[in-house]
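Q: Have a look at this one before I ask anything.
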Amino acid sequence: MKTIEEFRQSLRGDLIDAQDESYEDARKVYNAMINKRPRMIAMCTDVADVINCVNYARENDMLVSIRSGGHNAGGLGICDDGLVIDLSRIKFTLVDPDGRVVIAGGGCTWGDIDHATHAFGMATPSGIISTTGVGGLTTGGGLGHLTRKCGLSIDNLLAVDMVLADGRFVSASAHENEDLFWAVRGGGGNFGVITAFKFKLHPIDMVYAGPMLYELSETEEVMKWYQDFIKNAPDDINGFFAFLMVPPGAPFPEHLHLKRMCGVVWTYTGPMERAEEFFKQIREFKKPALDLVGPMPQPVLQSMFDALFVPGMQWYWRAHFVKELSDAAIQEHIKFAETVPTIFSTMHLYPINGAASRISDTATPWAHRDATWAMVIVGVDPDPANKDHITTWAKTYSEALKPYTDSSGYVNFMMDEGEERIKATYGRNYNRLAEIKQKYDPQNLFRVNQNIKPVQKMELH
Ligand SMILES: Cc1cc2nc3c(=O)[nH]c(=O)nc-3n(C[C@H](O)[C@H](O)[C@H](O)COP(=O)(O)OP(=O)(O)OC[C@H]3O[C@@H](n4cnc5c(N)ncnc54)[C@H](O)[C@@H]3O)c2cc1C
């Protein structure tokens, strides 16, 4: 067994502990509500560092967390008194434009991938903020502006390289370690540390996109119209519905500053010369109070909200899958939209009813493809003094909506909601995940995540 000093020397990257000046910064994650104190943080630079970390943690019976972008709502990239395997220095991208694939290091953010692929006029589906980690977003599913057109991020994942709990380095794809490949496409960080992701690329270069905002008093009409529209829309259009309080700054006009409003953030990926024509139906439904929709390069859309959502704020999240916006549900939404507590707090409805819904519920662990939306309610504010206020709003809103939602939510929008909800989220895929967990991580070394407990096949019921 290695001593700490030998472990430190086995790494190319830094090993940070509480004695280091950089410790306080290194232990921060995106959500400032999370305040954990790991024993050590390994800033891995390559696969060898990751292997050494996994072996050291296992041999010393240490708790382990895997951190890529650090964006996880519940702070699952970090842990108390354990080893953080930080991948943020494993950043590389390799684009094959002819083969239409990109390979990205396990520590890349989506901005890194967008930057690399846009040079070739291509993109792969990601989230809506460019600073989110590829690692966490992909292993949980991956919803964003391109979901209706191209599916979830996992639907575009072709292969991974990863370090398993026993320290072995393996690849997984449709042709190799197929069970593992199935499990990592939605099963989170339960199965090992992914050091490289290979994604399919799509010829998406320019998009016609941006937000359209409406008066809050028009919510009922807008939500009803939006529901009808998105349920029948072609895959070329994505639009997520949002409640918000308008930020007091450009590009928003002064008369809307700090106003509570509703809106849709559109993304059209059809032929650009037909975009204006396509949007006529949307603009004719009702004149928006603000229309910022227009042509832009795909990475501009991907980073449009980055400046608003900077690291270090307080975040409280709740998640649900939604099939239908009934009249009663819309009335509940309106009540909470009227009390959106801060300019960062919001409710989003992300459509999953296009290309993502045509993949079978059992093709990947992501089991709720029959839902129309993944809903997230988030209370956000920079001021820790507002922590209780934003948390109460999000919790109360979420409880009020429960009668109108499914029994589960998207794992990447959950905080600590317990084992039953994780099981409900994976549905009939949970047992298969638990068996694969038993095969690849029988001691549950990787348990700082939405945890799937290893189970022998015969123990399942
Ligand atoms: C501002 C913001 C915007 C967001 N927008 C979206 C969105 O549009 N769409 C969407 O789907 N989600 C979105 N999310 C949610 C996001 O997908 C999750 O928070 C996700 O966990 C973040 O990934 P990360 O790598 O940054 O997180 P981290 O905190 O670094 O990691 C979270 C967990 O992911 C697993 N993990 C991370 N990297 C790896 C790896 N390389 N190998 C194995 N396991 C790994 C680990 O279990 C880890 O505990 C958003 C989150 C934030 C804060």
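To be explicit about the labels: the chains of the structure tokens are called A, B, and onward in the order shown, and within each one the residues are counted from 1, while ligands get numbers from 1 in the order they are shown.
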For Ala196 (chain A), find every residue with an atom within 6 Å (counting only C-alpha atoms), except residues of its own chain fewer than 4 positions away, and show them as a list in words.

A: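 Residues meeting the cut-off are Ala104, Gly105, Gly106, Val160 and Asp161 of chain A.
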
Q: Using only C-alpha atoms, determine which residues lie at most 9 Å from Asn444 (chain A), disregarding the query and same-chain residues fewer than 3 positions distant; provide the list as a list in words.

A: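 Residues meeting the cut-off are Ala165, Asn190, Phe191, Lys437, Gln438, Asp441, Arg447, Asn451, Ile452, Lys453 and Pro454 of chain A.
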
Q: For the selection you just gave me, I'd like the residues written to a file as a compact mmCIF listing (two decimals), in the first residue's frame, keeping all heavy atoms.

A:
```txt
# COMPACT_ATOMS: atom_id res chain seq x y z
N ALA A 165 -13.47 0.58 -11.01
CA ALA A 165 -13.17 0.58 -9.57
C ALA A 165 -11.94 -0.27 -9.24
O ALA A 165 -11.24 0.02 -8.27
CB ALA A 165 -14.39 0.06 -8.82
N ASN A 190 -21.72 6.18 -11.63
CA ASN A 190 -21.74 4.98 -10.80
C ASN A 190 -20.75 3.90 -11.23
O ASN A 190 -20.47 2.98 -10.46
CB ASN A 190 -23.15 4.34 -10.85
CG ASN A 190 -24.06 4.92 -9.79
OD1 ASN A 190 -23.94 4.59 -8.62
ND2 ASN A 190 -24.94 5.82 -10.19
N PHE A 191 -20.25 3.97 -12.46
CA PHE A 191 -19.57 2.79 -13.02
C PHE A 191 -18.07 2.97 -13.22
O PHE A 191 -17.38 2.03 -13.58
CB PHE A 191 -20.25 2.39 -14.33
CG PHE A 191 -21.71 2.13 -14.11
CD1 PHE A 191 -22.66 3.14 -14.27
CD2 PHE A 191 -22.13 0.90 -13.63
CE1 PHE A 191 -24.00 2.92 -14.01
CE2 PHE A 191 -23.47 0.67 -13.36
CZ PHE A 191 -24.41 1.68 -13.54
N LYS A 437 -23.79 -2.61 -11.96
CA LYS A 437 -23.01 -2.01 -10.87
C LYS A 437 -22.28 -3.12 -10.09
O LYS A 437 -21.10 -3.00 -9.77
CB LYS A 437 -23.95 -1.22 -9.97
CG LYS A 437 -23.31 -0.60 -8.75
CD LYS A 437 -22.56 0.67 -9.04
CE LYS A 437 -22.12 1.32 -7.72
NZ LYS A 437 -21.27 2.49 -7.94
N GLN A 438 -22.98 -4.19 -9.82
CA GLN A 438 -22.39 -5.32 -9.09
C GLN A 438 -21.18 -5.88 -9.87
O GLN A 438 -20.17 -6.23 -9.29
CB GLN A 438 -23.45 -6.41 -8.88
CG GLN A 438 -22.92 -7.74 -8.37
CD GLN A 438 -22.49 -7.69 -6.91
OE1 GLN A 438 -22.99 -6.86 -6.14
NE2 GLN A 438 -21.55 -8.54 -6.55
N ASP A 441 -18.54 -2.52 -10.04
CA ASP A 441 -18.17 -1.80 -8.82
C ASP A 441 -18.87 -2.45 -7.62
O ASP A 441 -19.72 -1.84 -6.96
CB ASP A 441 -18.56 -0.31 -8.94
CG ASP A 441 -18.13 0.51 -7.73
OD1 ASP A 441 -17.30 0.01 -6.92
OD2 ASP A 441 -18.63 1.65 -7.58
N ARG A 447 -19.79 6.03 -5.04
CA ARG A 447 -21.13 6.18 -4.44
C ARG A 447 -21.50 7.63 -4.16
O ARG A 447 -22.58 7.91 -3.64
CB ARG A 447 -21.25 5.33 -3.19
CG ARG A 447 -20.27 5.65 -2.08
CD ARG A 447 -20.47 4.67 -0.91
NE ARG A 447 -19.52 4.89 0.16
CZ ARG A 447 -18.28 4.42 0.19
NH1 ARG A 447 -17.84 3.68 -0.81
NH2 ARG A 447 -17.48 4.67 1.22
N ASN A 451 -26.95 7.39 -6.32
CA ASN A 451 -26.34 6.06 -6.21
C ASN A 451 -27.24 4.89 -6.57
O ASN A 451 -28.40 4.80 -6.15
CB ASN A 451 -25.77 5.87 -4.80
CG ASN A 451 -24.78 4.71 -4.75
OD1 ASN A 451 -24.89 3.83 -3.91
ND2 ASN A 451 -23.85 4.67 -5.66
N ILE A 452 -26.65 3.99 -7.36
CA ILE A 452 -27.28 2.72 -7.70
C ILE A 452 -26.53 1.66 -6.93
O ILE A 452 -25.32 1.46 -7.13
CB ILE A 452 -27.20 2.47 -9.22
CG1 ILE A 452 -28.04 3.53 -9.94
CG2 ILE A 452 -27.65 1.07 -9.58
CD1 ILE A 452 -27.64 3.78 -11.35
N LYS A 453 -27.20 1.00 -6.00
CA LYS A 453 -26.51 0.04 -5.14
C LYS A 453 -26.26 -1.26 -5.89
O LYS A 453 -27.15 -1.77 -6.58
CB LYS A 453 -27.34 -0.25 -3.88
CG LYS A 453 -27.69 0.99 -3.10
CD LYS A 453 -27.26 0.87 -1.67
CE LYS A 453 -27.37 2.16 -0.88
NZ LYS A 453 -27.99 3.31 -1.46
N PRO A 454 -25.03 -1.83 -5.76
CA PRO A 454 -24.76 -3.09 -6.43
C PRO A 454 -25.62 -4.21 -5.87
O PRO A 454 -25.76 -4.31 -4.65
CB PRO A 454 -23.28 -3.35 -6.12
CG PRO A 454 -22.91 -2.43 -5.02
CD PRO A 454 -23.91 -1.34 -4.96
```

Q: Using only C-alpha atoms and all ligand atoms, which residues of chain A come within 7 Å of ligand 1, and what is the closest atom pair for each, with the distance in Å to one decimal? Give it as CSV, sorted by chain and residue number.

A:
```
residue,atom,partner,partner_atom_place_in_ligand_line,distance
A:Tyr30,CA,ligand 1,53 (C),6.5
A:Ser65,CA,ligand 1,49 (O),5.8
A:Ile66,CA,ligand 1,46 (C),4.8
A:Arg67,CA,ligand 1,30 (O),3.5
A:Ser68,CA,ligand 1,30 (O),3.6
A:Gly69,CA,ligand 1,26 (O),3.1
A:Gly70,CA,ligand 1,30 (O),3.3
A:His71,CA,ligand 1,26 (O),3.7
A:Asn72,CA,ligand 1,19 (O),3.2
A:Ala73,CA,ligand 1,19 (O),5.0
A:Gly75,CA,ligand 1,29 (O),5.7
A:Leu76,CA,ligand 1,49 (O),3.9
A:Gly77,CA,ligand 1,29 (O),3.8
A:Leu87,CA,ligand 1,41 (N),6.8
A:Gly106,CA,ligand 1,41 (N),4.4
A:Gly107,CA,ligand 1,41 (N),6.3
A:Ser126,CA,ligand 1,9 (N),6.6
A:Gly127,CA,ligand 1,8 (O),3.2
A:Ile128,CA,ligand 1,8 (O),3.9
A:Ile129,CA,ligand 1,3 (C),5.2
A:Thr132,CA,ligand 1,26 (O),4.4
A:Gly133,CA,ligand 1,26 (O),3.4
A:Val134,CA,ligand 1,25 (O),5.5
A:Gly135,CA,ligand 1,38 (N),3.3
A:Gly136,CA,ligand 1,23 (O),3.1
A:Leu137,CA,ligand 1,17 (O),3.4
A:Thr139,CA,ligand 1,44 (N),6.3
A:Gly140,CA,ligand 1,17 (O),6.6
A:Gly141,CA,ligand 1,11 (O),6.1
A:Gly142,CA,ligand 1,11 (O),3.6
A:Leu143,CA,ligand 1,11 (O),3.8
A:Gly144,CA,ligand 1,8 (O),4.7
A:Gly188,CA,ligand 1,47 (O),5.3
A:Gly189,CA,ligand 1,44 (N),3.3
A:Asn190,CA,ligand 1,47 (O),6.2
A:Gly192,CA,ligand 1,43 (C),5.6
A:Val193,CA,ligand 1,42 (N),3.9
A:Ile194,CA,ligand 1,42 (N),3.7
A:Thr195,CA,ligand 1,41 (N),5.6
A:Phe309,CA,ligand 1,1 (C),5.7
A:Asn412,CA,ligand 1,18 (C),4.5
A:Phe413,CA,ligand 1,15 (C),5.6
A:Val448,CA,ligand 1,49 (O),5.7
A:Asn449,CA,ligand 1,47 (O),4.5
```

Q: Taking into account only C-alpha atoms, which residue in the set A:Gln314, A:Ser88, A:Ser130, A:Thr346 is nearest to Asn35 (chain A)?

A: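 Of all the options, A:Gln314 lies closest to Asn35 (chain A).
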
Q: Which residues in region 322-397 of chain A does DSSP call helix (DSSP H, G or I)? List them as JSON, numbers by chain.

A: {"A": [327, 328, 329, 330, 331, 332, 333, 334, 335, 336, 337, 355, 356, 357, 358, 384, 385, 386, 387, 388, 389, 390, 391, 392, 393, 394, 395, 396, 397]}

Q: Can you list every residue in region 252-307 of chain A that DSSP puts in strand (DSSP E or B), as a list in words?

A: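 DSSP-assigned strand (DSSP E or B) residues in region 252-307 of chain A: Arg260, Met261, Cys262, Gly263, Val264, Val265, Trp266, Thr267, Tyr268, Leu290, Asp291, Gly294, Pro295, Met296 and Pro297 of chain A.
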
Q: From the list A:Ser345, A:Asn31, A:Thr339, A:Ser217, which residue is nearest Ala242 (chain A) when using only C-alpha atoms?

A: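 Ranking A:Ser345, A:Asn31, A:Thr339, A:Ser217 by distance to Ala242 (chain A), first place goes to A:Ser345.
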
Q: Could you give me, as an mmCIF file with C-alpha atoms, in the first residue's frame, the residues within 9 Å of Tyr226 (chain A), counting only C-alpha atoms and dropping anything in the same chain fewer than 3 positions from it?

A:
```cif
data_model
loop_
_atom_site.group_PDB
_atom_site.id
_atom_site.type_symbol
_atom_site.label_atom_id
_atom_site.label_comp_id
_atom_site.auth_asym_id
_atom_site.auth_seq_id
_atom_site.Cartn_x
_atom_site.Cartn_y
_atom_site.Cartn_z
ATOM 1 C CA GLU A 221 -52.702 31.854 -23.073
ATOM 2 C CA VAL A 222 -48.985 31.461 -23.817
ATOM 3 C CA MET A 223 -48.643 28.162 -21.952
ATOM 4 C CA PHE A 229 -47.363 24.022 -30.620
ATOM 5 C CA ILE A 230 -44.456 22.015 -29.183
ATOM 6 C CA LYS A 231 -46.412 18.759 -29.067
ATOM 7 C CA GLY A 239 -38.287 25.780 -27.400
ATOM 8 C CA PHE A 241 -40.597 27.466 -21.598
ATOM 9 C CA VAL A 264 -39.751 30.620 -24.579
#
```

Q: Hey, what's within 8 Å of Arg260 (chain A) if we count only C-alpha atoms and toss same-chain stuff fewer than 4 positions away? As number ranges by chain, please?

A: A: 215-216, 243-246, 337-338, 340

Q: Need to verify the contact set: Ile4 (chain A), 12 Å, only C-alpha atoms, exclusion of same-chain residues closer than 4 positions in sequence. Can you return it as a PyMOL selection string?

A: chain A and resi 8-11+15-17+39-40+42+52-53+56-57+59-60+83

Q: Quick one: residues within 9 Å of Lys200 (chain A), only C-alpha atoms counted, chain neighbours fewer than 2 positions away excluded, as a PyMOL selection string?

A: chain A and resi 99-102+123-124+155-158+198+202

Q: Smallest atom-to-atom distance to Phe279 (chain A): which of A:Thr131, A:Thr405, A:Thr267, A:Gln227, using only C-alpha atoms?

A: A:Thr267

Q: Show which residues sit within 12 Å of Gly354 (chain A), as a PyMOL selection string. Count only C-alpha atoms, and ignore same-chain residues fewer than 2 positions away.

A: chain A and resi 143+145-152+230-239+350-352+356-359+369-373

Q: Between A:Ala250, A:Leu258, A:Leu292, A:Ile41, which has the minimum distance to Leu213 (chain A) (counting only C-alpha atoms)?

A: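 Using only C-alpha atoms, the shortest distance to Leu213 (chain A) belongs to A:Leu292.
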
Q: Kindly indicate which residue among A:Gln302, A:Thr117, A:Asn429, A:Ser407 lies nearest to Ala363 (chain A), using only C-alpha atoms for the distances.

A: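 Distance minimum relative to Ala363 (chain A) lands on A:Asn429.
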